[in-house]
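Single-structure report; data block below.
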Amino acid sequence: MARMAPTIDRERRARVRRTAILCAAVVIAFYLGFILMGVLRA
Amino acid sequence: MASKDLDSTDRLEQLREGEHHGPDSGIKRWLFTTNHKDIGTLYLVFSLLMFFIGGAMAMVIRAELFQPGLQLVEPDFFNQMTTMHALVMIFGAVMPAFVGLANWMIPLMIGAPDMALPRLNNWSFWILPFAFTLLLSTLFLPGGAPAAGWTMYPPLVLQTGNAFPFMIFAIHLMGASSIMGSINIIVTILNLRAPGMTLLKMPLFVWSWLITAYLLIAVMPVLAGAVTMLLTDHYFNTSFFRAAGGGDPVMFQHIFWFFGHPEVYIMILPAFGIISHVIPTFARKPLFGYAAMVYATASIAFLSFIVWSHHMFTVGMPLAGNLFFMFATMLIAVPTGVKVFNWVATMWRGAMTFETPMLFALAFLFLFTIGGFSGLMLAIVPADFQYHDTYFVVAHFHYVLVPGAIFGIMAGVYYWMPKWTGNMYNETLGKLHFWLSAIFVNVLFFPQHFLGLAGMPRRIADYATQFADFNMVSSVGAFAFGASQLIFLYLIYDCVRGGRKATAKVWDRPTGLEWSVPSPAPYHTFETPPDVTYVDTAHGSHGAYH
């Protein structure tokens, strides 16, 4: 099995995780935000 | 990063898994791969398959429209074909092709060993075959495939039969795939660049994809929200969009186009990035106005969020709304003009040669600009009242998407294919493919401008006899364009199988880290990051890589 980039250090892994979580938060906010807008308007 | 920075757990993990392993053998390689090059290849092969499936649907549409009257298919099946052609081409062909190119090239361009989230990368891809199996299976359901258009406007779409939940679920899956792919791209670009590669040293393909990925994570959830609300309106008696229950069908259009217009740029910005690599290489000059190109791309992305209602001028918005969206749309011509100017200025007094990637890039420049200008015509509110829902719109967006997005993809594939396969493609066949495509794409779509201006509506299986001649010309162009893509298919097969060996640089002094690795690119690259502190990767210096 291939594996994650071998030269990635722990500090950089944490940064990767932080960025990914931030992006996921944006996605969830847009998804729920627009449904909420629909609920409020309907 | 030097190995001394690794902690002992990471080091043990590396030793356990082996430092220099290659790919798995057989089907396991493709099912379980986390390698960015393998996943890039999977995306590209999948998008090629979808390109031909969507193309076959287009052939059905043009065959029926070859003559007035109903000859080959029932109107309902015709509507299924228009709907499915769009969904397959947008979500199955164009977007996965760009993601495939991103997977292959972004780590190579920024000096990263792989994408930052390799397992997520595998998952992002393998969702797609399931999504499209679901979507295409609706063709065999009682009642057939979705037929309300790719825009899925209620109340019409709520009349879809058994195919409805399949379509909604498939769109959710496609969205999830795109979102995960985009998160991966953002995380990779922001965290895994080689030392010395500052943001304003990044190659333009990387920049254009970073901006595209931001667009994607902002708007794909909006599409998901819209279709979720459609689903609950259909099955759970809610009234988001059902006027009978107090809902508002026009709200769907606003939400859809809040996604839909940035989606247009999602399908063109990566092509801008590719063209920004191809033109400097074959003009043998650094790209003119690098920073302006970056800011222009970002400006286009920003403006794409505030123009959505130009798709809805005829729904009855207040005059102030129409005016705002008209002017905002026209504003997009400014950064787009900057880009076109800079590509032309790059070629100015360059030592140009015209290999296949450059030919596709030049055709892109001319023909995308035609699509841009017809877009400006559509942006004019009183004119749009005439053009709306006619073949003029069909001609406009096909000029943007076929000689725009798809020619951009073709330019990228021809440009990087020797790096992927280690073999040069057949240049004679490549040029034949280009000339047939470039001629017949115009035979196919240019007459549709005249049809639209004369009043032929879009999405109809039959038409008045006054439109017969231009429709016949357009259909002949479609058949020839479709057939010429078979050359592309053979050329890829031929190049993968063998041919003249490609050097590491492939072309005459191209710039960028991807050309510093051998051809074909080894299974693992940049496990020790290159130091690019003293190399101008963005602006075209040709210094050695450290």
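Numbering starts fresh at 1 for the residues of each chain in the structure tokens, the chains themselves are lettered A, B, ... in the order given, and ligands are numbered from 1 as they appear.
With the cut-off set to 6 Å and only C-alpha atoms counted, chain B residues close to chain A are B:Leu6, B:Thr34, B:Pro113, B:Asp114, B:Val187, B:Ile217, B:Pro221, B:Val222, B:Gly225, B:Phe240, B:Gly247.
Among the candidates B:Ser374, B:Thr329, B:Gln448, B:Thr281, the one nearest to Val400 of chain B when counting only C-alpha atoms is B:Ser374.
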Subject >> Sel. of alpha helix (DSSP H) residues, chain A, as a PyMOL selection string >> reply: chain A and resi 10-41
Need the shell around Ala176 of chain B: protein/DNA/RNA residues with any atom at most 9 Å away, counting only C-alpha atoms. Skip same-chain ones fewer than 4 positions apart. Format as a CSV table (one decimal) with N, CA and C atoms, in the first residue's frame?
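Below is the file part.csv, written as the result:
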```
chain,number,residue,atom,x,y,z
B,124,SER,N,-12.2,10.4,-3.0
B,124,SER,CA,-12.8,11.4,-3.9
B,124,SER,C,-13.1,10.8,-5.3
B,127,ILE,N,-15.8,7.7,-5.5
B,127,ILE,CA,-17.2,8.0,-5.4
B,127,ILE,C,-17.8,8.2,-6.8
B,171,ILE,N,-26.2,13.6,-7.6
B,171,ILE,CA,-25.6,15.0,-7.5
B,171,ILE,C,-24.9,15.2,-6.2
B,172,HIS,N,-25.5,14.7,-5.1
B,172,HIS,CA,-24.9,14.7,-3.8
B,172,HIS,C,-23.5,14.1,-3.8
B,180,MET,N,-14.3,17.1,-1.6
B,180,MET,CA,-13.2,16.5,-1.0
B,180,MET,C,-11.9,16.7,-1.8
B,181,GLY,N,-12.1,16.7,-3.2
B,181,GLY,CA,-11.0,16.9,-4.1
B,181,GLY,C,-10.5,18.3,-3.8
B,220,MET,N,-20.4,24.2,-4.1
B,220,MET,CA,-20.9,22.9,-4.2
B,220,MET,C,-21.9,22.6,-3.1
B,221,PRO,N,-21.6,23.1,-1.8
B,221,PRO,CA,-22.6,22.8,-0.8
B,221,PRO,C,-23.9,23.6,-1.0
B,224,ALA,N,-25.8,21.3,-3.2
B,224,ALA,CA,-26.3,20.2,-2.4
B,224,ALA,C,-27.5,20.7,-1.6
```
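Shortest separation to Ile266 of chain B among B:Leu48, B:Val60, B:Val338, B:Val99 occurs at residue B:Val99, atoms counted being only C-alpha atoms.
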Original post:
By how many Å are atom CA of Pro335 of chain B and atom CA of Thr297 of chain B apart?
Top reply: 7.2 Å
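Atom CA of Gly455 of chain B to atom CA of Ser474 of chain B spans 16.0 Å [interatomic distance, one decimal].
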